[in-house]
>>> print(open('input_4.csv').read())   # CSV, C-alpha atoms
chain,number,residue,atom,x,y,z
A,194,MET,CA,-1.5,32.6,-8.5
A,195,LEU,CA,-1.8,33.3,-12.2
A,196,GLN,CA,-5.3,32.5,-13.4
A,197,GLU,CA,-5.4,34.1,-16.8
A,198,VAL,CA,-5.0,32.0,-19.9
A,199,VAL,CA,-1.3,31.7,-20.6
A,200,GLN,CA,-0.4,32.0,-24.3
A,201,VAL,CA,1.5,28.8,-25.3
A,202,SER,CA,3.7,28.2,-28.3
A,203,ASP,CA,3.1,25.4,-30.7
A,204,GLU,CA,6.6,24.2,-29.8
A,205,THR,CA,5.6,23.8,-26.2
A,206,VAL,CA,2.5,21.8,-27.2
A,207,THR,CA,4.5,19.6,-29.5
A,208,GLN,CA,7.0,18.9,-26.7
A,209,ILE,CA,4.1,18.0,-24.3
A,210,ARG,CA,2.6,15.7,-26.9
A,211,ASN,CA,6.0,14.0,-27.2
A,212,VAL,CA,6.2,13.4,-23.5
A,213,LEU,CA,2.7,12.1,-23.4
A,214,ALA,CA,3.4,9.7,-26.3
A,215,GLN,CA,6.5,8.4,-24.5
A,216,HIS,CA,5.2,8.3,-20.9
A,217,GLY,CA,1.4,8.6,-20.9
A,218,ARG,CA,0.5,5.0,-21.9
A,219,LEU,CA,-2.7,6.6,-23.4
A,220,SER,CA,-5.3,4.6,-25.2
A,221,THR,CA,-5.5,7.4,-27.8
A,222,SER,CA,-2.5,8.6,-29.8
A,223,ALA,CA,-1.1,11.8,-28.2
A,224,ASP,CA,-1.2,13.5,-31.7
A,225,ALA,CA,-4.9,12.8,-32.0
A,226,LEU,CA,-5.8,14.6,-28.7
A,227,ALA,CA,-7.3,18.1,-28.7
A,228,PRO,CA,-5.6,20.5,-26.3
A,229,ASP,CA,-8.6,20.4,-24.0
A,230,ASP,CA,-9.3,16.6,-24.1
A,231,ASP,CA,-9.3,15.0,-20.7
A,232,LEU,CA,-6.1,13.0,-20.5
A,233,PHE,CA,-7.4,10.7,-17.7
A,234,GLN,CA,-10.4,9.9,-19.9
A,235,ALA,CA,-7.8,9.1,-22.6
A,236,GLY,CA,-6.3,6.4,-20.4
A,237,LEU,CA,-3.7,8.4,-18.3
A,238,SER,CA,-3.3,6.4,-15.1
A,239,SER,CA,-2.2,7.8,-11.8
A,240,HIS,CA,1.3,6.3,-12.0
A,241,ALA,CA,1.6,7.4,-15.6
A,242,SER,CA,0.6,10.9,-14.7
A,243,VAL,CA,3.5,11.0,-12.3
A,244,ASN,CA,5.9,9.8,-14.9
A,245,VAL,CA,4.6,12.5,-17.3
A,246,MET,CA,5.1,15.1,-14.6
A,247,LEU,CA,8.8,14.0,-14.1
A,248,ALA,CA,9.4,13.9,-17.9
A,249,ILE,CA,7.9,17.4,-18.4
A,250,GLU,CA,10.3,18.6,-15.7
A,251,ASP,CA,13.2,17.1,-17.5
A,252,SER,CA,12.1,18.2,-21.0
A,253,PHE,CA,11.5,21.8,-20.0
A,254,ASP,CA,14.2,22.0,-17.3
A,255,ILE,CA,11.7,23.2,-14.7
A,256,GLU,CA,10.5,22.0,-11.3
A,257,PHE,CA,6.9,21.9,-10.4
A,258,PRO,CA,6.2,23.4,-6.9
A,259,ASP,CA,4.4,21.2,-4.4
A,260,SER,CA,1.1,23.1,-5.1
A,261,MET,CA,1.2,22.0,-8.7
A,262,LEU,CA,1.6,18.3,-8.0
A,263,ASN,CA,-2.0,17.4,-8.5
A,264,ARG,CA,-4.3,15.9,-11.1
A,265,GLY,CA,-5.8,19.2,-12.3
A,266,VAL,CA,-2.4,20.4,-13.6
A,267,PHE,CA,-2.0,17.2,-15.7
A,268,SER,CA,-5.6,16.8,-16.8
A,269,THR,CA,-5.2,18.3,-20.4
A,270,ILE,CA,-2.5,19.4,-22.8
A,271,ASN,CA,-3.6,23.0,-22.2
A,272,ALA,CA,-3.4,22.7,-18.4
A,273,ILE,CA,0.1,21.3,-18.6
A,274,ALA,CA,1.1,24.0,-21.1
A,275,GLY,CA,-0.3,26.7,-18.8
A,276,ALA,CA,1.7,25.3,-15.9
A,277,VAL,CA,4.8,25.1,-17.9
A,278,GLY,CA,4.3,28.7,-19.1
A,279,GLN,CA,3.9,30.0,-15.6
A,280,LEU,CA,7.1,28.3,-14.5
A,281,GLN,CA,9.0,29.6,-17.5
A,282,GLY,CA,7.8,33.0,-16.6
A,283,GLU,CA,6.1,33.5,-20.0
A,284,PRO,CA,4.0,36.7,-20.0
A,285,ALA,CA,0.3,36.1,-19.6
A,286,ALA,CA,-1.9,37.1,-22.5
A,287,GLY,CA,-5.6,37.5,-22.8
B,14,MET,CA,23.0,4.4,8.5
B,15,SER,CA,20.0,3.2,10.5
B,16,ARG,CA,16.6,4.7,10.1
B,17,GLU,CA,15.5,7.1,12.8
B,18,VAL,CA,13.1,5.6,15.2
B,19,ARG,CA,9.7,7.3,15.3
B,20,GLU,CA,8.8,8.4,18.8
B,21,ALA,CA,5.6,7.3,20.5
B,22,SER,CA,3.1,9.8,22.0
B,23,ALA,CA,2.7,9.6,25.8
B,24,ASP,CA,-0.5,7.6,25.3
B,25,GLN,CA,1.2,5.1,22.9
B,26,ALA,CA,4.2,4.7,25.2
B,27,GLU,CA,1.9,4.1,28.2
B,28,PHE,CA,0.0,1.4,26.2
B,29,LEU,CA,3.2,-0.3,25.0
B,30,GLY,CA,4.4,-0.3,28.6
B,31,GLU,CA,1.2,-2.0,29.8
B,32,LEU,CA,1.4,-4.6,27.0
B,33,ILE,CA,5.0,-5.5,27.9
B,34,GLU,CA,4.3,-5.4,31.6
B,35,GLY,CA,1.3,-7.6,31.2
B,36,GLY,CA,3.3,-10.2,29.2
B,37,ILE,CA,1.1,-9.7,26.1
B,38,LEU,CA,4.0,-8.4,23.9
B,39,LEU,CA,7.4,-9.9,24.1
B,40,GLU,CA,10.2,-7.5,23.4
B,41,SER,CA,12.9,-8.3,20.9
B,42,GLY,CA,15.2,-5.3,21.4
B,43,VAL,CA,14.2,-3.9,18.1
B,44,PRO,CA,11.4,-1.3,18.0
B,45,GLY,CA,8.3,-2.6,16.1
B,46,VAL,CA,9.3,-6.3,16.4
B,47,TYR,CA,7.5,-8.2,19.1
B,48,GLY,CA,6.5,-11.7,20.1
B,49,HIS,CA,2.9,-12.5,21.2
B,50,ASN,CA,1.8,-14.4,24.2
B,51,ASP,CA,-1.0,-17.0,24.3
B,52,THR,CA,-3.7,-14.5,25.1
B,53,PHE,CA,-2.7,-12.3,22.1
B,54,GLU,CA,-2.4,-15.3,19.7
B,55,ASP,CA,-5.8,-16.8,20.7
B,56,ILE,CA,-7.5,-13.5,19.8
B,57,ARG,CA,-5.5,-13.1,16.6
B,58,GLU,CA,-6.3,-16.7,15.5
B,59,ARG,CA,-10.0,-16.2,16.2
B,60,LEU,CA,-9.9,-13.0,14.2
B,61,ALA,CA,-8.1,-14.8,11.3
B,62,GLU,CA,-10.7,-17.6,11.3
B,63,ARG,CA,-13.6,-15.1,11.4
B,64,LEU,CA,-12.2,-13.1,8.4
B,65,SER,CA,-11.5,-16.3,6.4
B,66,SER,CA,-14.9,-17.7,7.1
B,67,GLU,CA,-16.6,-14.5,6.0
B,68,ALA,CA,-14.6,-14.7,2.8
B,69,SER,CA,-15.2,-18.4,2.3
B,70,ALA,CA,-18.9,-17.9,2.7
B,71,ARG,CA,-18.8,-15.6,-0.3
B,72,GLY,CA,-16.8,-17.9,-2.6
B,73,ALA,CA,-13.2,-17.1,-1.7
B,74,GLU,CA,-10.5,-19.5,-2.7
B,75,ARG,CA,-7.6,-19.9,-0.1
B,76,LEU,CA,-4.1,-19.3,-1.3
B,77,ARG,CA,-1.1,-19.2,1.0
B,78,PHE,CA,2.4,-17.9,0.3
B,79,PRO,CA,5.7,-17.7,2.3
B,80,PRO,CA,6.7,-14.3,3.7
B,81,VAL,CA,9.3,-13.6,1.1
B,82,LEU,CA,8.9,-12.3,-2.5
B,83,PRO,CA,11.1,-13.2,-5.5
B,84,ARG,CA,13.3,-10.1,-6.0
B,85,ARG,CA,12.4,-10.0,-9.7
B,86,GLN,CA,8.7,-9.6,-8.8
B,87,LEU,CA,9.4,-6.7,-6.5
B,88,GLU,CA,11.5,-5.1,-9.2
B,89,SER,CA,8.7,-5.4,-11.8
B,90,SER,CA,5.9,-4.3,-9.5
B,91,GLY,CA,6.9,-0.7,-9.2
B,92,TYR,CA,7.1,-1.0,-5.4
B,93,LEU,CA,10.7,0.5,-5.3
B,94,ALA,CA,9.5,3.6,-7.2
B,95,SER,CA,6.6,4.2,-4.8
B,96,PHE,CA,7.9,2.9,-1.5
B,97,PRO,CA,11.7,2.7,-1.6
B,98,HIS,CA,11.8,3.6,2.1
B,99,LEU,CA,9.7,0.7,3.3
B,100,ALA,CA,11.2,-2.2,1.3
B,101,GLY,CA,13.5,-4.8,2.8
B,102,SER,CA,15.7,-7.1,0.8
B,103,VAL,CA,17.3,-10.4,1.9
B,104,TYR,CA,21.1,-10.5,1.7
B,105,SER,CA,23.4,-13.4,2.3
B,106,PHE,CA,27.1,-14.2,2.6
B,107,GLU,CA,29.3,-14.6,-0.5
B,108,GLY,CA,33.0,-15.1,0.0
B,109,ASP,CA,35.8,-17.6,0.9
B,110,GLU,CA,36.8,-18.9,4.3
B,111,ALA,CA,39.0,-15.9,5.0
B,112,ASP,CA,36.1,-13.6,4.3
B,113,ALA,CA,33.9,-15.7,6.6
B,114,ARG,CA,36.4,-15.3,9.4
B,115,VAL,CA,36.5,-11.6,9.0
B,116,GLN,CA,32.8,-11.3,8.8
B,117,ALA,CA,32.4,-13.4,12.0
B,118,ASP,CA,34.9,-11.3,13.9
B,119,ARG,CA,33.3,-8.1,12.8
B,120,ALA,CA,29.9,-9.4,13.7
B,121,ALA,CA,31.0,-10.6,17.1
B,122,ALA,CA,32.3,-7.1,17.8
B,123,HIS,CA,29.0,-5.5,16.3
B,124,GLU,CA,31.0,-3.8,13.6
B,125,ASP,CA,29.9,-3.4,10.0
B,126,TRP,CA,30.0,-6.8,8.2
B,127,SER,CA,27.9,-5.8,5.2
B,128,GLU,CA,30.7,-5.9,2.7
B,129,PHE,CA,30.4,-9.7,2.5
B,130,GLN,CA,26.7,-9.6,2.0
B,131,ASN,CA,25.1,-9.8,-1.4
B,132,PRO,CA,21.5,-9.7,-2.6
B,133,THR,CA,19.7,-13.0,-2.8
B,134,GLU,CA,16.8,-13.7,-5.1
B,135,LEU,CA,14.4,-12.8,-2.3
B,136,THR,CA,13.0,-9.7,-0.6
B,137,MET,CA,10.8,-9.4,2.4
B,138,MET,CA,7.0,-9.5,1.6
B,139,PRO,CA,5.8,-5.9,1.2
B,140,ALA,CA,2.1,-6.7,1.0
B,141,ALA,CA,0.3,-10.0,1.3
B,142,CYS,CA,-1.5,-9.6,-2.1
B,143,TYR,CA,1.7,-9.3,-4.2
B,144,PRO,CA,2.2,-13.1,-4.9
B,145,VAL,CA,-1.5,-13.5,-5.8
B,146,TYR,CA,-1.4,-11.5,-9.0
B,147,PRO,CA,1.3,-13.5,-10.9
B,148,SER,CA,-0.2,-16.8,-9.7
B,149,ILE,CA,-3.6,-15.9,-11.1
B,150,ALA,CA,-2.1,-14.5,-14.3
B,151,ARG,CA,-0.4,-17.9,-14.9
B,152,ARG,CA,-3.8,-19.5,-15.1
B,153,GLY,CA,-4.6,-17.7,-18.4
B,154,ARG,CA,-7.9,-16.1,-19.1
B,155,LEU,CA,-10.1,-15.9,-16.0
B,156,PRO,CA,-13.6,-17.4,-15.9
B,157,ALA,CA,-16.5,-14.9,-16.3
B,158,GLY,CA,-17.0,-13.2,-12.9
B,159,GLY,CA,-13.3,-13.4,-12.1
B,160,VAL,CA,-11.7,-14.7,-8.9
B,161,PHE,CA,-11.9,-14.0,-5.2
B,162,VAL,CA,-8.8,-15.0,-3.2
B,163,ASP,CA,-8.2,-15.2,0.6
B,164,ALA,CA,-4.5,-14.9,1.0
B,165,GLY,CA,-4.8,-15.3,4.8
B,166,GLY,CA,-3.0,-13.5,7.6
B,167,ALA,CA,0.5,-13.4,6.1
B,168,TRP,CA,3.6,-11.8,7.6
B,169,VAL,CA,4.6,-8.5,5.8
B,170,PHE,CA,7.5,-6.3,6.4
B,171,ARG,CA,7.8,-2.4,6.4
B,172,HIS,CA,11.0,-0.7,7.4
B,173,GLU,CA,9.5,1.9,9.7
B,174,PRO,CA,10.9,1.4,13.2
B,175,SER,CA,8.7,3.1,15.8
B,176,HIS,CA,8.0,3.0,19.5
B,177,ASP,CA,4.2,3.2,18.7
B,178,PRO,CA,2.9,-0.3,19.5
B,179,MET,CA,0.5,-0.1,16.6
B,180,ARG,CA,3.3,0.5,14.1
B,181,ARG,CA,5.1,-2.8,13.5
B,182,GLN,CA,8.0,-3.5,11.2
B,183,ILE,CA,6.6,-7.0,10.7
B,184,PHE,CA,3.0,-8.0,11.2
B,185,HIS,CA,0.1,-10.1,9.9
B,186,GLN,CA,-1.8,-8.5,7.0
B,187,HIS,CA,-4.9,-10.5,6.2
B,188,GLU,CA,-5.6,-9.9,2.5
B,189,LEU,CA,-8.6,-10.6,0.4
B,190,VAL,CA,-8.2,-10.0,-3.3
B,191,ARG,CA,-10.7,-9.6,-6.1
B,192,ILE,CA,-9.7,-9.9,-9.7
B,193,ALA,CA,-12.5,-9.3,-12.1
B,194,GLU,CA,-14.4,-6.9,-14.4
B,195,PRO,CA,-14.1,-3.2,-13.5
B,196,ASP,CA,-17.6,-2.8,-12.1
B,197,ALA,CA,-17.6,-6.0,-10.1
B,198,VAL,CA,-14.3,-5.0,-8.5
B,199,LEU,CA,-15.4,-1.6,-7.4
B,200,GLU,CA,-18.7,-2.9,-6.1
B,201,TRP,CA,-16.9,-5.7,-4.2
B,202,ARG,CA,-14.4,-3.2,-2.6
B,203,ASP,CA,-17.2,-0.9,-1.4
B,204,GLU,CA,-19.3,-3.8,-0.2
B,205,TRP,CA,-16.4,-5.2,1.9
B,206,ALA,CA,-15.5,-1.7,3.2
B,207,ASN,CA,-19.0,-1.7,4.8
B,208,ARG,CA,-18.7,-5.3,5.9
B,209,GLY,CA,-15.4,-4.5,7.6
B,210,LEU,CA,-16.9,-1.5,9.3
B,211,GLU,CA,-19.8,-3.6,10.7
B,212,LEU,CA,-17.4,-6.3,11.7
B,213,LEU,CA,-15.2,-4.0,13.7
B,214,ARG,CA,-18.2,-2.3,15.3
B,215,SER,CA,-19.6,-5.7,16.3
B,216,PHE,CA,-16.3,-6.2,18.2
B,217,GLY,CA,-17.1,-3.1,20.2
B,218,LEU,CA,-14.7,-0.9,18.4
B,219,ALA,CA,-15.8,2.6,17.4
B,220,ALA,CA,-14.5,2.3,13.8
B,221,GLU,CA,-15.0,5.0,11.1
B,222,LEU,CA,-14.5,4.6,7.4
B,223,ASP,CA,-12.4,7.3,5.7
B,224,VAL,CA,-10.7,8.1,2.4
B,225,ALA,CA,-6.9,7.6,2.8
B,226,ASN,CA,-3.6,7.4,0.9
B,227,ASP,CA,-0.6,5.2,0.9
B,228,PRO,CA,2.7,6.6,2.4
B,229,PHE,CA,4.3,7.1,-1.1
B,230,PHE,CA,7.9,8.4,-1.1
B,231,GLY,CA,9.1,11.8,-2.1
B,232,ARG,CA,7.7,14.4,-4.6
B,233,ARG,CA,6.5,11.7,-6.9
B,234,GLY,CA,4.7,10.2,-3.9
B,235,ARG,CA,3.0,13.5,-3.0
B,236,MET,CA,1.3,13.5,-6.4
B,237,LEU,CA,0.4,9.8,-6.2
B,238,ALA,CA,-1.1,10.3,-2.7
B,239,ARG,CA,-3.2,13.3,-3.9
B,240,ASN,CA,-4.4,11.3,-7.0
B,241,GLN,CA,-5.3,8.4,-4.7
B,242,GLN,CA,-7.3,10.7,-2.4
B,243,ALA,CA,-9.0,12.5,-5.3
B,244,GLU,CA,-10.1,9.2,-6.9
B,245,LYS,CA,-11.0,7.6,-3.5
B,246,LEU,CA,-8.9,4.6,-4.4
B,247,LYS,CA,-8.0,3.8,-0.8
B,248,LEU,CA,-10.4,3.6,2.1
B,249,GLU,CA,-9.4,2.9,5.7
B,250,LEU,CA,-11.1,1.8,8.8
B,251,LEU,CA,-9.9,4.0,11.6
B,252,VAL,CA,-10.1,3.1,15.3
B,253,GLN,CA,-8.9,5.3,18.2
B,254,ILE,CA,-6.5,3.0,20.1
B,255,ALA,CA,-3.8,5.1,21.6
B,256,GLY,CA,-3.7,8.8,20.5
B,257,PRO,CA,-3.5,11.3,19.3
B,258,GLU,CA,-4.3,10.0,15.9
B,259,PRO,CA,-6.7,7.1,15.2
B,260,THR,CA,-5.1,3.9,13.8
B,261,ALA,CA,-5.9,2.4,10.4
B,262,CYS,CA,-7.0,-1.2,11.2
B,263,ALA,CA,-8.0,-2.2,7.7
B,264,SER,CA,-7.7,-0.7,4.2
B,265,PHE,CA,-9.7,-1.3,1.0
B,266,ASN,CA,-7.7,-0.6,-2.1
B,267,HIS,CA,-8.8,-0.2,-5.7
B,268,HIS,CA,-5.9,-0.6,-8.1
B,269,ARG,CA,-7.9,-0.2,-11.4
B,270,ASP,CA,-5.8,-2.0,-14.0
B,271,HIS,CA,-2.4,-1.4,-12.3
B,272,PHE,CA,-1.7,-5.0,-11.4
B,273,GLY,CA,-3.9,-6.4,-14.2
B,274,SER,CA,-1.8,-4.8,-16.9
B,275,ASN,CA,1.5,-5.3,-15.0
B,276,TYR,CA,1.0,-9.1,-14.9
B,277,GLY,CA,-1.1,-9.5,-18.0
B,278,ILE,CA,-4.2,-10.8,-16.2
B,279,GLU,CA,-6.9,-11.3,-18.7
B,280,LEU,CA,-10.7,-11.4,-18.3
B,281,SER,CA,-12.8,-14.0,-20.1
B,282,ASP,CA,-13.2,-11.6,-23.1
B,283,GLY,CA,-9.4,-11.0,-23.3
B,284,SER,CA,-9.5,-7.4,-21.8
B,285,THR,CA,-7.3,-6.4,-18.8
B,286,ALA,CA,-8.6,-7.4,-15.4
B,287,HIS,CA,-9.1,-4.8,-12.6
B,288,THR,CA,-8.1,-5.7,-9.1
B,289,ALA,CA,-8.8,-4.6,-5.5
B,290,CYS,CA,-7.5,-5.9,-2.2
B,291,LEU,CA,-8.5,-5.6,1.4
B,292,GLY,CA,-6.0,-5.7,4.1
B,293,PHE,CA,-7.0,-6.3,7.8
B,294,GLY,CA,-4.1,-5.7,10.2
B,295,HIS,CA,-4.4,-8.5,12.7
B,296,GLU,CA,-2.1,-6.9,15.3
B,297,ARG,CA,-3.8,-3.5,15.2
B,298,ILE,CA,-7.3,-5.0,15.6
B,299,VAL,CA,-6.1,-7.2,18.5
B,300,LEU,CA,-4.5,-4.2,20.2
B,301,GLY,CA,-7.7,-2.2,19.6
B,302,LEU,CA,-9.7,-5.0,21.3
B,303,LEU,CA,-7.2,-5.2,24.2
B,304,ARG,CA,-7.3,-1.5,24.8
B,305,ALA,CA,-11.1,-1.3,24.5
B,306,HIS,CA,-12.0,-4.3,26.6
B,307,GLY,CA,-9.0,-5.0,28.8
B,308,PHE,CA,-6.3,-7.7,28.9
B,309,ASP,CA,-8.5,-10.5,30.1
B,310,PRO,CA,-10.7,-11.7,27.1
B,311,ALA,CA,-12.7,-13.9,29.6
B,312,ALA,CA,-14.0,-10.7,31.1
B,313,TRP,CA,-14.9,-9.0,27.7
B,314,PRO,CA,-18.5,-8.1,27.0
B,315,ALA,CA,-20.5,-11.2,26.1
B,316,ALA,CA,-21.6,-9.7,22.7
B,317,VAL,CA,-18.0,-9.2,21.7
B,318,ARG,CA,-16.9,-12.7,22.9
B,319,ALA,CA,-19.8,-14.2,20.9
B,320,GLU,CA,-18.4,-12.6,17.7
B,321,LEU,CA,-15.0,-14.2,18.1
B,322,TRP,CA,-15.6,-17.3,20.2
B,323,PRO,CA,-19.0,-18.3,18.7
B,324,SER,CA,-19.1,-21.9,20.1
B,325,ALA,CA,-17.7,-21.1,23.5
>>> encode(input="input_4.csv", output="structure tokens")
Amino acid sequence: MLQEVVQVSDETVTQIRNVLAQHGRLSTSADALAPDDDLFQAGLSSHASVNVMLAIEDSFDIEFPDSMLNRGVFSTINAIAGAVGQLQGEPAAG
Amino acid sequence: MSREVREASADQAEFLGELIEGGILLESGVPGVYGHNDTFEDIRERLAERLSSEASARGAERLRFPPVLPRRQLESSGYLASFPHLAGSVYSFEGDEADARVQADRAAAHEDWSEFQNPTELTMMPAACYPVYPSIARRGRLPAGGVFVDAGGAWVFRHEPSHDPMRRQIFHQHELVRIAEPDAVLEWRDEWANRGLELLRSFGLAAELDVANDPFFGRRGRMLARNQQAEKLKLELLVQIAGPEPTACASFNHHRDHFGSNYGIELSDGSTAHTACLGFGHERIVLGLLRAHGFDPAAWPAAVRAELWPSA
């Protein structure tokens, strides 16, 4: 499993923010969140996190493997971006 | 296509055989649907009274609902997203006299007559707490301290046919519901989990409390189940009745603001209420008692009898 920090594009982050704005039902605006802010602290519920997961799959045309279907992967914008990056086969950068 | 029937373990099959042989359970011909004899119902009614009196002593208000749920409520609850495989809907005939004749002929021959059946406004009750939330929401803002409801031992339906006598398609789920401020709800859930544990142990059952998850459907469900486990939102009281696995006899569920925001339940300060519910499975507890102490309650240990038949 890839553990290094995955370099993510601004475009990926914007796309994730859009999904969060539409499906996250956050108490904070998705645009106001820092990439490492805890989404569950920002009001992401368990049901909403699943809707975010499905919407990320649609938006990026990827499918999360079973091992990624957990809270950790959806806990911050960076964590989601990292998972998306891994599944898109983006090269890992230091 | 009908759902595959879950097989019983050798121990479960043996126990079911004994219950039927002993006249305790009355077979219907459908796995997971049984009648109860007088012995069974006497224990079950005593259990229901005991649970309701524990709740009433702590300020619970009794509400009772029929075992069907308005279809619109099931639709807006999210149940079909989480548990599409367990839900049951009520259908009824729509058609003219000719249709009725064809339907009757096909039914008499046990052929498929579903083309004349259309959804009604009702579904089977998926969980006994469901009708509580909208009823409380309609009251408007709650008093400070919220509410505590005893919804009683209500019939609930889950489409999961099985030859395991503990896994019914239709059974009594005795639900207690708390709707209040977040801290009060969590505290209540944990307090009742311990009260439930002590209660089952006082019945001579070796109960254990454990973190659990609901049987959510599909990939979406796997993530919900893991979230639920990680956040310890669901606790269960497990009793070894007929192996290999222990049976969950009660569950203690913290919903956070899921139902509060879904139904717009407001606290006294206008914020969204949190909710929790406890469900005691009447049939499973009675089966646990019958397995542990035998089929003749008159011969049960005096300490156990005193818990259920206090005046006898």
>>> closest_residue(input="input_4.csv", among="B:Glu188, B:Asp24, B:Asp109, B:Glu128", to="Ser264 in chain B", atoms="all atoms listed in the file")
B:Glu188
>>> closest_residue(input="input_4.csv", among="A:Leu219, A:Ala225, A:Leu247, A:Val212", to="chain B", atoms="all atoms listed in the file")
A:Leu247
>>> residues_around(input="input_4.csv", residues="Ala235 in chain A", least_positions_apart="3", cutoff="7 Å", atoms="all atoms listed in the file", output="JSON, numbers by chain")
{"A": [219, 220, 221, 231, 232]}
>>> write_last_selection(input="input_4.csv", atoms="C-alpha atoms", output="PDB file, keeping the file's coordinate frame")
ATOM      1  CA  LEU A 219      -2.700   6.600 -23.400  1.00  0.00           C
ATOM      2  CA  SER A 220      -5.300   4.600 -25.200  1.00  0.00           C
ATOM      3  CA  THR A 221      -5.500   7.400 -27.800  1.00  0.00           C
ATOM      4  CA  ASP A 231      -9.300  15.000 -20.700  1.00  0.00           C
ATOM      5  CA  LEU A 232      -6.100  13.000 -20.500  1.00  0.00           C
TER       6      LEU A 232
END
>>> closest_atom_pairs(input="input_4.csv", of="chain B", to="chain A", cutoff="8 Å", atoms="all atoms listed in the file", output="tab-separated table")
residue	atom	partner	partner_atom	distance
B:Arg232	CA	A:Asp259	CA	7.6
B:Arg233	CA	A:Val243	CA	6.2
B:Arg235	CA	A:Leu262	CA	7.1
B:Met236	CA	A:Leu262	CA	5.1
B:Leu237	CA	A:Ser239	CA	6.5
B:Arg239	CA	A:Asn263	CA	6.3
B:Asn240	CA	A:Arg264	CA	6.2
B:Gln241	CA	A:Ser239	CA	7.8
>>> write_last_selection(input="input_4.csv", atoms="C-alpha atoms", output="compact mmCIF listing (two decimals), in the coordinates of the input")
# COMPACT_ATOMS: atom_id res chain seq x y z
CA ARG B 232 7.70 14.40 -4.60
CA ARG B 233 6.50 11.70 -6.90
CA ARG B 235 3.00 13.50 -3.00
CA MET B 236 1.30 13.50 -6.40
CA LEU B 237 0.40 9.80 -6.20
CA ARG B 239 -3.20 13.30 -3.90
CA ASN B 240 -4.40 11.30 -7.00
CA GLN B 241 -5.30 8.40 -4.70
>>> residues_around(input="input_4.csv", residues="Arg75 in chain B", least_positions_apart="6", cutoff="9 Å", atoms="all atoms listed in the file", output="ChimeraX atom specification")
/B:65,69,161-165
>>> residues_around(input="input_4.csv", residues="Thr136 in chain B", least_positions_apart="3", cutoff="12 Å", atoms="all atoms listed in the file", output="VMD selection string")
chain B and resid 79 to 88 92 to 93 99 to 105 132 to 133 139 to 140 143 169 to 171
>>> residues_around(input="input_4.csv", residues="Arg210 in chain A", least_positions_apart="3", cutoff="6 Å", atoms="all atoms listed in the file", output="MDAnalysis selection string")
chainID A and resid 207 213 223
>>> closest_residue(input="input_4.csv", among="B:Leu155, B:Ala311, B:Ala122, B:Leu64", to="Gly273 in chain B", atoms="all atoms listed in the file")
B:Leu155
>>> residues_around(input="input_4.csv", residues="Gln242 in chain B", least_positions_apart="6", cutoff="8 Å", atoms="all atoms listed in the file", output="PyMOL selection string")
chain B and resi 224-226
>>> atom_distance(input="input_4.csv", atom1="CA of Gly256 in chain B", atom2="CA of Ala315 in chain B")
26.7 Å
